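This is data_33.pdb. It holds PDB, C-alpha atoms.
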```
ATOM      1  CA  MET N 192    -112.495 -32.290 -19.763
ATOM      2  CA  ALA N 193    -112.976 -32.362 -15.995
ATOM      3  CA  SER N 194    -110.921 -29.851 -14.037
ATOM      4  CA  LEU N 195    -108.300 -31.002 -11.544
ATOM      5  CA  ARG N 196    -109.307 -30.323  -7.959
ATOM      6  CA  VAL N 197    -106.504 -29.463  -5.575
ATOM      7  CA  GLY N 198    -106.854 -28.224  -2.016
ATOM      8  CA  ASN N 199    -104.112 -26.064  -0.549
ATOM      9  CA  PRO N 200    -101.086 -28.367  -0.430
ATOM     10  CA  ASP N 201     -97.758 -27.234   0.959
ATOM     11  CA  VAL N 202     -95.929 -29.673  -1.327
ATOM     12  CA  SER N 203     -96.888 -32.062  -4.105
ATOM     13  CA  ILE N 204     -94.779 -34.844  -5.611
ATOM     14  CA  SER N 205     -96.069 -36.128  -8.913
ATOM     15  CA  TRP N 206     -94.835 -38.522 -11.584
ATOM     16  CA  ALA N 207     -93.169 -37.343 -14.780
ATOM     17  CA  TRP N 208     -95.162 -37.454 -18.051
ATOM     18  CA  ALA N 209     -98.508 -37.110 -16.253
ATOM     19  CA  SER N 210     -98.124 -34.088 -13.999
ATOM     20  CA  LEU N 211     -98.526 -30.877 -15.959
ATOM     21  CA  GLN N 212    -102.012 -30.076 -14.681
ATOM     22  CA  THR N 213    -101.028 -31.005 -11.125
ATOM     23  CA  ILE N 214     -97.952 -28.786 -11.227
ATOM     24  CA  ARG N 215     -99.954 -25.820 -12.473
ATOM     25  CA  ALA N 216    -102.792 -26.333  -9.987
ATOM     26  CA  VAL N 217    -100.450 -26.684  -6.992
ATOM     27  CA  LYS N 218     -98.445 -23.602  -7.921
ATOM     28  CA  THR N 219    -101.648 -21.605  -8.376
ATOM     29  CA  LYS N 220    -102.567 -22.534  -4.799
ATOM     30  CA  GLY N 221     -99.160 -21.385  -3.534
ATOM     31  CA  GLY N 222     -97.698 -24.855  -2.982
ATOM     32  CA  ILE N 223     -94.339 -26.291  -4.008
ATOM     33  CA  ALA N 224     -94.611 -28.573  -7.049
ATOM     34  CA  ILE N 225     -92.019 -31.360  -7.253
ATOM     35  CA  LEU N 226     -91.685 -33.600 -10.291
ATOM     36  CA  GLU N 227     -90.295 -37.094  -9.750
ATOM     37  CA  GLU N 228     -88.032 -38.376 -12.531
ATOM     38  CA  CYS N 229     -87.074 -42.053 -12.219
ATOM     39  CA  GLY N 230     -84.994 -42.032 -15.421
ATOM     40  CA  SER N 231     -82.848 -39.759 -17.526
ATOM     41  CA  CYS N 232     -84.287 -36.933 -19.592
ATOM     42  CA  ASN N 233     -86.046 -38.548 -22.546
ATOM     43  CA  LYS N 234     -84.500 -36.141 -25.035
ATOM     44  CA  HIS N 235     -81.031 -37.088 -23.800
ATOM     45  CA  GLN N 236     -81.927 -40.784 -23.747
ATOM     46  CA  GLU N 237     -83.199 -40.742 -27.331
ATOM     47  CA  GLN N 238     -80.026 -39.069 -28.589
ATOM     48  CA  LEU N 239     -77.801 -41.528 -26.733
ATOM     49  CA  LEU N 240     -79.639 -44.680 -27.778
ATOM     50  CA  SER N 241     -80.137 -43.713 -31.416
ATOM     51  CA  GLU N 242     -76.406 -43.019 -31.596
ATOM     52  CA  GLU N 243     -75.599 -46.403 -30.046
ATOM     53  CA  TYR N 244     -77.870 -48.344 -32.385
ATOM     54  CA  GLU N 245     -76.188 -46.604 -35.313
ATOM     55  CA  ARG N 246     -72.747 -47.557 -33.936
ATOM     56  CA  LEU N 247     -73.877 -51.174 -33.820
ATOM     57  CA  ASN N 248     -75.533 -51.073 -37.273
ATOM     58  CA  LEU N 249     -78.937 -51.817 -35.778
ATOM     59  CA  ASP N 250     -82.276 -50.258 -36.633
ATOM     60  CA  TYR N 251     -83.522 -48.015 -33.853
ATOM     61  CA  GLU N 252     -87.229 -47.856 -33.157
ATOM     62  CA  SER N 253     -87.987 -45.218 -30.563
ATOM     63  CA  LYS N 254     -90.449 -46.213 -27.847
ATOM     64  CA  THR N 255     -90.938 -42.625 -26.724
ATOM     65  CA  PHE N 256     -93.303 -40.355 -28.650
ATOM     66  CA  ASN N 257     -92.162 -36.799 -29.403
ATOM     67  CA  LYS N 258     -95.228 -35.632 -27.490
ATOM     68  CA  ILE N 259     -93.890 -37.338 -24.368
ATOM     69  CA  ILE N 260     -90.433 -35.808 -24.817
ATOM     70  CA  THR N 261     -91.922 -32.333 -25.199
ATOM     71  CA  ARG N 262     -94.297 -32.795 -22.274
ATOM     72  CA  GLU N 263     -91.540 -34.002 -19.965
ATOM     73  CA  LEU N 264     -89.415 -30.933 -20.672
ATOM     74  CA  GLN N 265     -92.408 -28.667 -20.141
ATOM     75  CA  GLU N 266     -93.130 -30.320 -16.790
ATOM     76  CA  CYS N 267     -89.495 -29.910 -15.767
ATOM     77  CA  GLN N 268     -89.527 -26.248 -16.725
ATOM     78  CA  GLU N 269     -92.739 -25.503 -14.831
ATOM     79  CA  ALA N 270     -92.062 -27.600 -11.703
ATOM     80  CA  ASP N 271     -90.354 -25.910  -8.771
ATOM     81  CA  TYR N 272     -88.049 -28.854  -8.188
ATOM     82  CA  ILE N 273     -87.218 -32.221  -9.741
ATOM     83  CA  LEU N 274     -86.510 -35.299  -7.627
ATOM     84  CA  CYS N 275     -83.789 -37.488  -9.180
ATOM     85  CA  PRO N 276     -82.458 -40.903  -8.052
ATOM     86  CA  SER N 277     -78.904 -40.229  -9.271
ATOM     87  CA  ARG N 278     -76.508 -37.541 -10.409
ATOM     88  CA  TYR N 279     -76.687 -39.045 -13.882
ATOM     89  CA  VAL N 280     -80.418 -38.266 -14.096
ATOM     90  CA  ALA N 281     -79.808 -34.743 -12.810
ATOM     91  CA  ASN N 282     -76.962 -34.212 -15.294
ATOM     92  CA  SER N 283     -79.117 -35.416 -18.198
ATOM     93  CA  LEU N 284     -81.799 -32.876 -17.301
ATOM     94  CA  ASN N 285     -79.223 -30.123 -16.934
ATOM     95  CA  LYS N 286     -77.855 -30.929 -20.410
ATOM     96  CA  CYS N 287     -81.384 -30.469 -21.748
ATOM     97  CA  GLY N 288     -81.700 -26.981 -20.305
ATOM     98  CA  ILE N 289     -83.086 -27.604 -16.809
ATOM     99  CA  SER N 290     -81.483 -25.404 -14.139
ATOM    100  CA  ASN N 291     -79.245 -27.045 -11.545
ATOM    101  CA  HIS N 292     -80.989 -25.293  -8.664
ATOM    102  CA  LYS N 293     -84.146 -27.315  -9.362
ATOM    103  CA  LEU N 294     -82.474 -30.715  -9.132
ATOM    104  CA  ILE N 295     -82.652 -32.756  -5.911
ATOM    105  CA  VAL N 296     -80.705 -36.038  -5.878
ATOM    106  CA  ILE N 297     -81.785 -38.762  -3.428
ATOM    107  CA  PRO N 298     -80.646 -42.291  -4.380
ATOM    108  CA  TYR N 299     -83.093 -45.171  -4.147
ATOM    109  CA  GLY N 300     -82.870 -47.907  -1.531
ATOM    110  CA  VAL N 301     -82.435 -51.663  -1.192
ATOM    111  CA  GLU N 302     -84.432 -54.161   0.860
ATOM    112  CA  LEU N 303     -81.842 -55.655   3.187
ATOM    113  CA  ASN N 304     -84.250 -58.352   4.344
ATOM    114  CA  LEU N 305     -84.231 -59.704   0.769
ATOM    115  CA  PHE N 306     -80.594 -59.055  -0.137
ATOM    116  CA  ASN N 307     -77.818 -60.088   2.222
ATOM    117  CA  ARG N 308     -74.582 -61.982   1.928
ATOM    118  CA  GLN N 309     -74.762 -65.785   1.815
ATOM    119  CA  PRO N 310     -71.790 -68.213   1.946
ATOM    120  CA  LYS N 311     -70.023 -68.567  -1.397
ATOM    121  CA  LYS N 312     -70.301 -72.168  -2.593
ATOM    122  CA  ASP N 313     -67.191 -72.481  -4.749
ATOM    123  CA  GLU N 314     -63.796 -70.940  -5.523
ATOM    124  CA  ILE N 315     -64.620 -69.776  -9.042
ATOM    125  CA  PHE N 316     -63.981 -66.104  -9.769
ATOM    126  CA  ARG N 317     -67.373 -65.204 -11.193
ATOM    127  CA  VAL N 318     -68.446 -61.982 -12.919
ATOM    128  CA  LEU N 319     -72.183 -61.387 -12.706
ATOM    129  CA  PHE N 320     -74.640 -59.262 -14.682
ATOM    130  CA  VAL N 321     -78.367 -59.082 -13.892
ATOM    131  CA  GLY N 322     -80.874 -57.216 -16.060
ATOM    132  CA  SER N 323     -82.396 -57.078 -19.515
ATOM    133  CA  VAL N 324     -79.863 -58.196 -22.106
ATOM    134  CA  GLY N 325     -79.774 -55.515 -24.765
ATOM    135  CA  VAL N 326     -78.179 -52.449 -26.272
ATOM    136  CA  ARG N 327     -79.114 -50.002 -23.500
ATOM    137  CA  LYS N 328     -77.254 -52.071 -20.913
ATOM    138  CA  GLY N 329     -73.960 -51.700 -22.805
ATOM    139  CA  LEU N 330     -73.401 -55.444 -22.714
ATOM    140  CA  ILE N 331     -71.451 -55.590 -25.938
ATOM    141  CA  TYR N 332     -68.633 -53.835 -24.081
ATOM    142  CA  LEU N 333     -68.651 -56.472 -21.334
ATOM    143  CA  PHE N 334     -68.708 -59.164 -24.007
ATOM    144  CA  GLN N 335     -65.707 -57.613 -25.748
ATOM    145  CA  ALA N 336     -63.849 -57.503 -22.430
ATOM    146  CA  LEU N 337     -64.645 -61.173 -21.783
ATOM    147  CA  LYS N 338     -63.281 -62.129 -25.189
ATOM    148  CA  ASP N 339     -59.897 -60.644 -24.266
ATOM    149  CA  LEU N 340     -59.709 -61.998 -20.720
ATOM    150  CA  LYS N 341     -57.351 -64.961 -20.216
ATOM    151  CA  LEU N 342     -58.036 -66.065 -16.643
ATOM    152  CA  ASP N 343     -58.092 -69.473 -14.974
ATOM    153  CA  ASN N 344     -60.958 -70.661 -12.791
ATOM    154  CA  PHE N 345     -63.127 -67.857 -14.167
ATOM    155  CA  GLU N 346     -66.615 -67.484 -15.574
ATOM    156  CA  CYS N 347     -69.205 -64.837 -16.379
ATOM    157  CA  LEU N 348     -72.884 -65.338 -15.624
ATOM    158  CA  ILE N 349     -75.539 -63.278 -17.438
ATOM    159  CA  ILE N 350     -79.047 -63.326 -15.932
ATOM    160  CA  GLY N 351     -81.892 -61.778 -17.919
ATOM    161  CA  SER N 352     -84.011 -62.081 -21.048
ATOM    162  CA  VAL N 353     -82.457 -61.194 -24.393
ATOM    163  CA  GLU N 354     -84.045 -58.372 -26.383
ATOM    164  CA  SER N 355     -84.863 -59.266 -29.977
ATOM    165  CA  ALA N 356     -82.711 -56.530 -31.548
ATOM    166  CA  PHE N 357     -79.712 -57.825 -29.595
ATOM    167  CA  GLN N 358     -80.026 -61.501 -30.519
ATOM    168  CA  ASP N 359     -77.317 -61.567 -33.197
ATOM    169  CA  ILE N 360     -74.747 -59.752 -31.047
ATOM    170  CA  PHE N 361     -75.627 -62.008 -28.116
ATOM    171  CA  ALA N 362     -75.123 -65.122 -30.249
ATOM    172  CA  GLU N 363     -71.767 -63.874 -31.554
ATOM    173  CA  TYR N 364     -70.283 -63.749 -28.029
ATOM    174  CA  GLN N 365     -72.235 -66.542 -26.324
ATOM    175  CA  GLU N 366     -69.221 -68.802 -25.891
ATOM    176  CA  TYR N 367     -67.747 -66.341 -23.387
ATOM    177  CA  PHE N 368     -70.471 -66.538 -20.737
ATOM    178  CA  THR N 369     -73.214 -68.652 -19.210
ATOM    179  CA  HIS N 370     -76.763 -67.387 -19.666
ATOM    180  CA  ILE N 371     -79.801 -67.862 -17.432
ATOM    181  CA  PRO N 372     -82.929 -66.257 -18.934
ATOM    182  CA  ARG N 373     -84.757 -65.736 -15.644
ATOM    183  CA  VAL N 374     -84.301 -66.074 -11.890
ATOM    184  CA  GLU N 375     -86.959 -65.426  -9.267
ATOM    185  CA  HIS N 376     -86.301 -62.152  -7.466
ATOM    186  CA  SER N 377     -86.290 -63.935  -4.119
ATOM    187  CA  GLN N 378     -83.490 -66.228  -5.351
ATOM    188  CA  LEU N 379     -81.163 -63.563  -6.707
ATOM    189  CA  LYS N 380     -79.239 -63.168  -3.460
ATOM    190  CA  GLU N 381     -77.877 -66.691  -3.964
ATOM    191  CA  TYR N 382     -76.439 -65.720  -7.354
ATOM    192  CA  TYR N 383     -75.043 -62.439  -6.049
ATOM    193  CA  SER N 384     -73.437 -64.172  -3.072
ATOM    194  CA  ASN N 385     -71.899 -66.904  -5.235
ATOM    195  CA  SER N 386     -70.223 -64.335  -7.487
ATOM    196  CA  SER N 387     -67.069 -62.271  -7.107
ATOM    197  CA  VAL N 388     -67.857 -58.985  -8.836
ATOM    198  CA  PHE N 389     -70.912 -57.334 -10.368
ATOM    199  CA  VAL N 390     -70.600 -55.507 -13.705
ATOM    200  CA  LEU N 391     -73.172 -53.053 -15.073
ATOM    201  CA  PRO N 392     -71.867 -51.248 -18.198
ATOM    202  CA  SER N 393     -75.161 -49.438 -18.889
ATOM    203  CA  LEU N 394     -75.521 -46.582 -21.325
ATOM    204  CA  ASP N 395     -78.663 -45.281 -19.649
ATOM    205  CA  GLU N 396     -80.443 -45.956 -16.335
ATOM    206  CA  GLY N 397     -82.180 -43.857 -13.731
ATOM    207  CA  MET N 398     -80.614 -45.822 -10.927
ATOM    208  CA  ALA N 399     -80.435 -49.583 -11.347
ATOM    209  CA  TYR N 400     -81.564 -51.381  -8.173
ATOM    210  CA  VAL N 401     -79.353 -54.358  -9.014
ATOM    211  CA  GLN N 402     -76.242 -52.403  -8.024
ATOM    212  CA  LEU N 403     -77.410 -51.944  -4.442
ATOM    213  CA  GLU N 404     -78.675 -55.538  -4.360
ATOM    214  CA  ALA N 405     -75.215 -56.766  -5.370
ATOM    215  CA  MET N 406     -73.528 -54.495  -2.824
ATOM    216  CA  ALA N 407     -75.859 -55.751  -0.066
ATOM    217  CA  CYS N 408     -74.562 -59.249  -0.861
ATOM    218  CA  GLY N 409     -70.947 -58.108  -0.558
ATOM    219  CA  LEU N 410     -69.986 -57.630  -4.214
ATOM    220  CA  PRO N 411     -67.692 -54.953  -5.596
ATOM    221  CA  VAL N 412     -69.424 -53.158  -8.473
ATOM    222  CA  ILE N 413     -67.942 -52.076 -11.799
ATOM    223  CA  CYS N 414     -70.374 -49.677 -13.440
ATOM    224  CA  THR N 415     -70.688 -46.605 -15.617
ATOM    225  CA  PRO N 416     -71.895 -43.229 -14.304
ATOM    226  CA  ASN N 417     -74.897 -43.730 -16.615
ATOM    227  CA  SER N 418     -76.030 -46.666 -14.484
ATOM    228  CA  GLY N 419     -76.931 -44.328 -11.628
ATOM    229  CA  GLY N 420     -74.206 -45.959  -9.566
ATOM    230  CA  ASP N 421     -72.385 -42.625  -9.556
ATOM    231  CA  SER N 422     -74.454 -41.648  -6.512
ATOM    232  CA  VAL N 423     -73.745 -44.681  -4.312
ATOM    233  CA  ILE N 424     -70.345 -46.069  -5.350
ATOM    234  CA  ARG N 425     -67.144 -44.279  -4.405
ATOM    235  CA  GLU N 426     -64.229 -44.905  -6.731
ATOM    236  CA  GLY N 427     -61.926 -47.592  -5.381
ATOM    237  CA  GLU N 428     -63.982 -48.007  -2.219
ATOM    238  CA  GLU N 429     -67.100 -49.990  -3.174
ATOM    239  CA  GLY N 430     -66.134 -50.511  -6.785
ATOM    240  CA  PHE N 431     -65.153 -48.596  -9.880
ATOM    241  CA  ILE N 432     -66.909 -46.077 -12.109
ATOM    242  CA  ILE N 433     -65.772 -46.545 -15.701
ATOM    243  CA  PRO N 434     -66.666 -44.598 -18.881
ATOM    244  CA  ILE N 435     -69.448 -45.876 -21.103
ATOM    245  CA  ARG N 436     -68.417 -47.889 -24.181
ATOM    246  CA  ASP N 437     -65.048 -48.845 -22.688
ATOM    247  CA  SER N 438     -64.364 -52.580 -22.864
ATOM    248  CA  GLU N 439     -60.696 -52.061 -21.982
ATOM    249  CA  ALA N 440     -61.642 -50.384 -18.698
ATOM    250  CA  ILE N 441     -63.978 -53.273 -17.850
ATOM    251  CA  GLN N 442     -61.230 -55.782 -18.620
ATOM    252  CA  GLU N 443     -58.684 -53.828 -16.571
ATOM    253  CA  LYS N 444     -60.883 -53.645 -13.459
ATOM    254  CA  ILE N 445     -61.889 -57.324 -13.625
ATOM    255  CA  GLU N 446     -58.214 -58.331 -13.958
ATOM    256  CA  TYR N 447     -57.251 -56.047 -11.064
ATOM    257  CA  LEU N 448     -59.802 -57.643  -8.716
ATOM    258  CA  TYR N 449     -58.895 -61.136  -9.934
ATOM    259  CA  GLN N 450     -55.180 -60.551  -9.325
ATOM    260  CA  ASN N 451     -55.646 -58.820  -5.961
ATOM    261  CA  PRO N 452     -57.822 -60.992  -3.694
ATOM    262  CA  GLN N 453     -57.181 -58.750  -0.686
ATOM    263  CA  GLU N 454     -58.571 -55.787  -2.617
ATOM    264  CA  LEU N 455     -61.513 -57.890  -3.786
ATOM    265  CA  SER N 456     -62.295 -58.694  -0.157
ATOM    266  CA  ARG N 457     -61.782 -55.117   1.070
ATOM    267  CA  ILE N 458     -63.960 -53.554  -1.631
ATOM    268  CA  GLY N 459     -66.625 -56.222  -1.206
ATOM    269  CA  ASN N 460     -66.804 -55.584   2.528
ATOM    270  CA  ASN N 461     -66.987 -51.852   1.886
ATOM    271  CA  ALA N 462     -69.857 -52.439  -0.527
ATOM    272  CA  LEU N 463     -71.705 -54.461   2.090
ATOM    273  CA  LYS N 464     -71.371 -51.636   4.632
ATOM    274  CA  ARG N 465     -72.240 -48.945   2.112
ATOM    275  CA  ALA N 466     -75.447 -50.695   1.024
ATOM    276  CA  LYS N 467     -76.757 -50.388   4.585
ATOM    277  CA  GLU N 468     -76.746 -46.607   4.166
ATOM    278  CA  PHE N 469     -79.237 -46.880   1.293
ATOM    279  CA  THR N 470     -82.306 -48.508   2.787
ATOM    280  CA  TRP N 471     -85.809 -47.378   1.861
ATOM    281  CA  ASP N 472     -86.221 -46.082   5.409
ATOM    282  CA  ASN N 473     -83.193 -43.864   4.880
ATOM    283  CA  TYR N 474     -84.617 -42.764   1.533
ATOM    284  CA  GLY N 475     -87.749 -41.619   3.343
ATOM    285  CA  THR N 476     -85.687 -39.799   5.969
ATOM    286  CA  HIS N 477     -83.628 -37.968   3.322
ATOM    287  CA  LEU N 478     -86.780 -37.028   1.423
ATOM    288  CA  GLU N 479     -88.442 -35.733   4.586
ATOM    289  CA  THR N 480     -85.368 -33.628   5.385
ATOM    290  CA  ALA N 481     -85.297 -32.199   1.860
ATOM    291  CA  LEU N 482     -88.995 -31.290   1.992
ATOM    292  CA  LYS N 483     -88.587 -29.534   5.340
ATOM    293  CA  GLU N 484     -85.681 -27.514   3.935
ATOM    294  CA  LEU N 485     -87.735 -26.473   0.901
ATOM    295  CA  LEU N 486     -90.645 -25.401   3.108
ATOM    296  CA  ALA N 487     -88.284 -23.445   5.355
ATOM    297  CA  LYS N 488     -86.927 -21.582   2.326
ATOM    298  CA  LYS N 489     -90.452 -20.754   1.219
ATOM    299  CA  VAL N 490     -91.310 -19.210   4.600
TER     300      VAL N 490
END
```
Please express the file's structure as structure tokens.
Amino acid sequence: MASLRVGNPDVSISWAWASLQTIRAVKTKGGIAILEECGSCNKHQEQLLSEEYERLNLDYESKTFNKIITRELQECQEADYILCPSRYVANSLNKCGISNHKLIVIPYGVELNLFNRQPKKDEIFRVLFVGSVGVRKGLIYLFQALKDLKLDNFECLIIGSVESAFQDIFAEYQEYFTHIPRVEHSQLKEYYSNSSVFVLPSLDEGMAYVQLEAMACGLPVICTPNSGGDSVIREGEEGFIIPIRDSEAIQEKIEYLYQNPQELSRIGNNALKRAKEFTWDNYGTHLETALKELLAKKV
């Protein structure tokens, strides 16, 4: 096997699952080795998803090899720091034995040139979900909430392809929403802007971009902390953070926004303003600041 050649870097940032040699080489040269984790700790994720599939009486087929799970934890243990896009990711690593002092949280950004508020075309109160339609997204809990909602001039729109394991559950609740299998990314802002509230009841995400996209189009967001929205949404300001697996909480927050149009407008406007704080340029600035602080500590 060829050896890894590394000069004398001050800092390296390398991708999880494929960084063990890089981390070791950089540290040997006296540099700071940072591991970038885009998602939750795989050990934590496997436990959560296998539990959920069992709750739903579905067969769970893991897509993550044990070798990957072990390697990820080893990388996290040997890296000096771990770059996380949300507090949820950091918390998942901490639960798997990774020290808090290693964890740096910098939320991802949104492209404001692609996502911005457009005029709403109708008066329908519309709940929107965008993403893959499956177990991990916690959609059964949104579906259960929809079943119990009794609202006039209301609809729910689900955009995304349906995972095979979720087909039967999807079919059971299909009368409660409209489904569009796919929308071009460049067209999504029209669907965001023509909706009233965005719901993301995910069980596990690193940080879902769709939340910031929805906020940039002026939508309040109802999400779980496991969506990664815990790092950009302030409770009652840009939306609501609800527990995972809680259809009653989803129903309650949708009804609250439906019944209080002034609050819907206030929170939507707050979301629009808040999204402007999370551009990719700002992400770069925050990362640069963090790196300078780490280098200063080293000196």
Nearest to Tyr244 of chain N, restricted to all atoms listed in the file and choosing among N:Ala356, N:Ile432, N:Val390, N:Ile214, comes out as N:Ala356
All file atoms of segment 344-363 of chain N boxed axis-aligned, 8 Å per side, centre plus edges, as JSON:
```
{"center_x": -72.9, "center_y": -63.6, "center_z": -23.0, "size_x": 39.9, "size_y": 30.1, "size_z": 36.4}
```
Please provide the set of residues having any atom within 12 Å of Lys254 of chain N, restricted to all atoms listed in the file, with same-chain residues fewer than 6 positions apart removed, written as a PyMOL selection string.
chain N and resi 233+236-237+240-241+260
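This file gives the following result for the PyMOL selection byres ((chain N and resi 417) around 8): Tyr279, Ser393, Leu394, Asp395, Glu396, Gly397, Thr415, Pro416, Ser418, Gly419, Gly420, Asp421 and Ile435 of chain N.
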Those same residues - C-alpha atoms - I'd like them written as a PDB file, keeping the file's coordinate frame.
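Once written, selection.pdb looks like this:
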```pdb
ATOM      1  CA  TYR N 279     -76.687 -39.045 -13.882  1.00  0.00           C
ATOM      2  CA  SER N 393     -75.161 -49.438 -18.889  1.00  0.00           C
ATOM      3  CA  LEU N 394     -75.521 -46.582 -21.325  1.00  0.00           C
ATOM      4  CA  ASP N 395     -78.663 -45.281 -19.649  1.00  0.00           C
ATOM      5  CA  GLU N 396     -80.443 -45.956 -16.335  1.00  0.00           C
ATOM      6  CA  GLY N 397     -82.180 -43.857 -13.731  1.00  0.00           C
ATOM      7  CA  THR N 415     -70.688 -46.605 -15.617  1.00  0.00           C
ATOM      8  CA  PRO N 416     -71.895 -43.229 -14.304  1.00  0.00           C
ATOM      9  CA  SER N 418     -76.030 -46.666 -14.484  1.00  0.00           C
ATOM     10  CA  GLY N 419     -76.931 -44.328 -11.628  1.00  0.00           C
ATOM     11  CA  GLY N 420     -74.206 -45.959  -9.566  1.00  0.00           C
ATOM     12  CA  ASP N 421     -72.385 -42.625  -9.556  1.00  0.00           C
ATOM     13  CA  ILE N 435     -69.448 -45.876 -21.103  1.00  0.00           C
TER      14      ILE N 435
END
```
I need the residue set behind the PyMOL selection byres ((chain N and resi 455) around 12) for this file; please write it as a VMD selection string.
chain N and resid 316 to 317 386 to 389 409 to 413 427 to 431 444 to 454 456 to 462
Please list as a PyMOL selection string every residue within 8 Å of Val324 of chain N, counting all atoms listed in the file and excluding residues in the same chain fewer than 3 positions away.
chain N and resi 328+330+351-354+357
Pull the closest atom pair for each residue of segment 409-475 of chain N that gets at most 9 Å from segment 332-341 of chain N, along with the distance in Å to one decimal, counting only C-alpha atoms, ordering rows by chain and then ascending residue number, as JSON lines.
```
{"residue": "N:Ile435", "atom": "CA", "partner": "N:Tyr332", "partner_atom": "CA", "distance": 8.5}
{"residue": "N:Arg436", "atom": "CA", "partner": "N:Tyr332", "partner_atom": "CA", "distance": 6.0}
{"residue": "N:Asp437", "atom": "CA", "partner": "N:Tyr332", "partner_atom": "CA", "distance": 6.3}
{"residue": "N:Ser438", "atom": "CA", "partner": "N:Tyr332", "partner_atom": "CA", "distance": 4.6}
{"residue": "N:Glu439", "atom": "CA", "partner": "N:Ala336", "partner_atom": "CA", "distance": 6.3}
{"residue": "N:Ala440", "atom": "CA", "partner": "N:Ala336", "partner_atom": "CA", "distance": 8.3}
{"residue": "N:Ile441", "atom": "CA", "partner": "N:Ala336", "partner_atom": "CA", "distance": 6.2}
{"residue": "N:Gln442", "atom": "CA", "partner": "N:Ala336", "partner_atom": "CA", "distance": 4.9}
{"residue": "N:Glu443", "atom": "CA", "partner": "N:Ala336", "partner_atom": "CA", "distance": 8.6}
{"residue": "N:Ile445", "atom": "CA", "partner": "N:Leu340", "partner_atom": "CA", "distance": 8.8}
{"residue": "N:Glu446", "atom": "CA", "partner": "N:Leu340", "partner_atom": "CA", "distance": 7.8}
```
Using only C-alpha atoms, collect all residues at a distance of at most 12 Å from (-80.0, -27.0, -11.4) as written in the file, then present them as a PyMOL selection string.
chain N and resi 267-268+271-275+278+280-296
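With atom CA of Tyr474 of chain N on one side and atom CA of Gly322 of chain N on the other, the separation reads 23.1 Å.
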Do a neighbour search on segment 477-482 of chain N at 12 Å with all atoms listed in the file, toss out local chain neighbours closer than 3 positions, and write the hits as a PyMOL selection string.
chain N and resi 201-204+222-225+227+272-276+294-300+468-474+485-489
Hey, can you check how far atom CA of Pro310 of chain N sits from atom CA of Ser323 of chain N?
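Result for atom CA of Pro310 of chain N versus atom CA of Ser323 of chain N: 26.4 Å, one decimal.
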One number please: atom CA of Cys229 of chain N to atom CA of Gln378 of chain N, in Å, one decimal.
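Interatomic distance, atom CA of Cys229 of chain N to atom CA of Gln378 of chain N: 25.4 Å.
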Nearest candidate to Asp359 of chain N (options N:Ser253, N:Ser277, N:Asn248, N:Gln402; using all atoms listed in the file)
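Answer, going by the shortest atom-to-atom distance: N:Asn248.
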Written as number ranges by chain, what is the full residue list that the PyMOL selection byres ((chain N and resi 315) around 10) yields on the file shown?
N: 311-314, 316-318, 343-347, 385-387
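With distances taken from (-75.9, -61.3, -14.8) and restricted to all atoms listed in the file, the residues inside 6 Å are Leu319, Phe320, Val321, Leu348, Ile349 and Ile350 of chain N.
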I want to know what sits within 9 Å of Arg262 of chain N, based on all atoms listed in the file, with residues of the same chain fewer than 3 positions away left out; could you give that as a PyMOL selection string?
chain N and resi 207-209+211+257-259+265-267
Considering all atoms listed in the file, state which residue in the set N:Tyr367, N:Cys414, N:Ala362, N:Cys408 is at the smallest distance from Pro434 of chain N.
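Distance minimum relative to Pro434 of chain N lands on N:Cys414.
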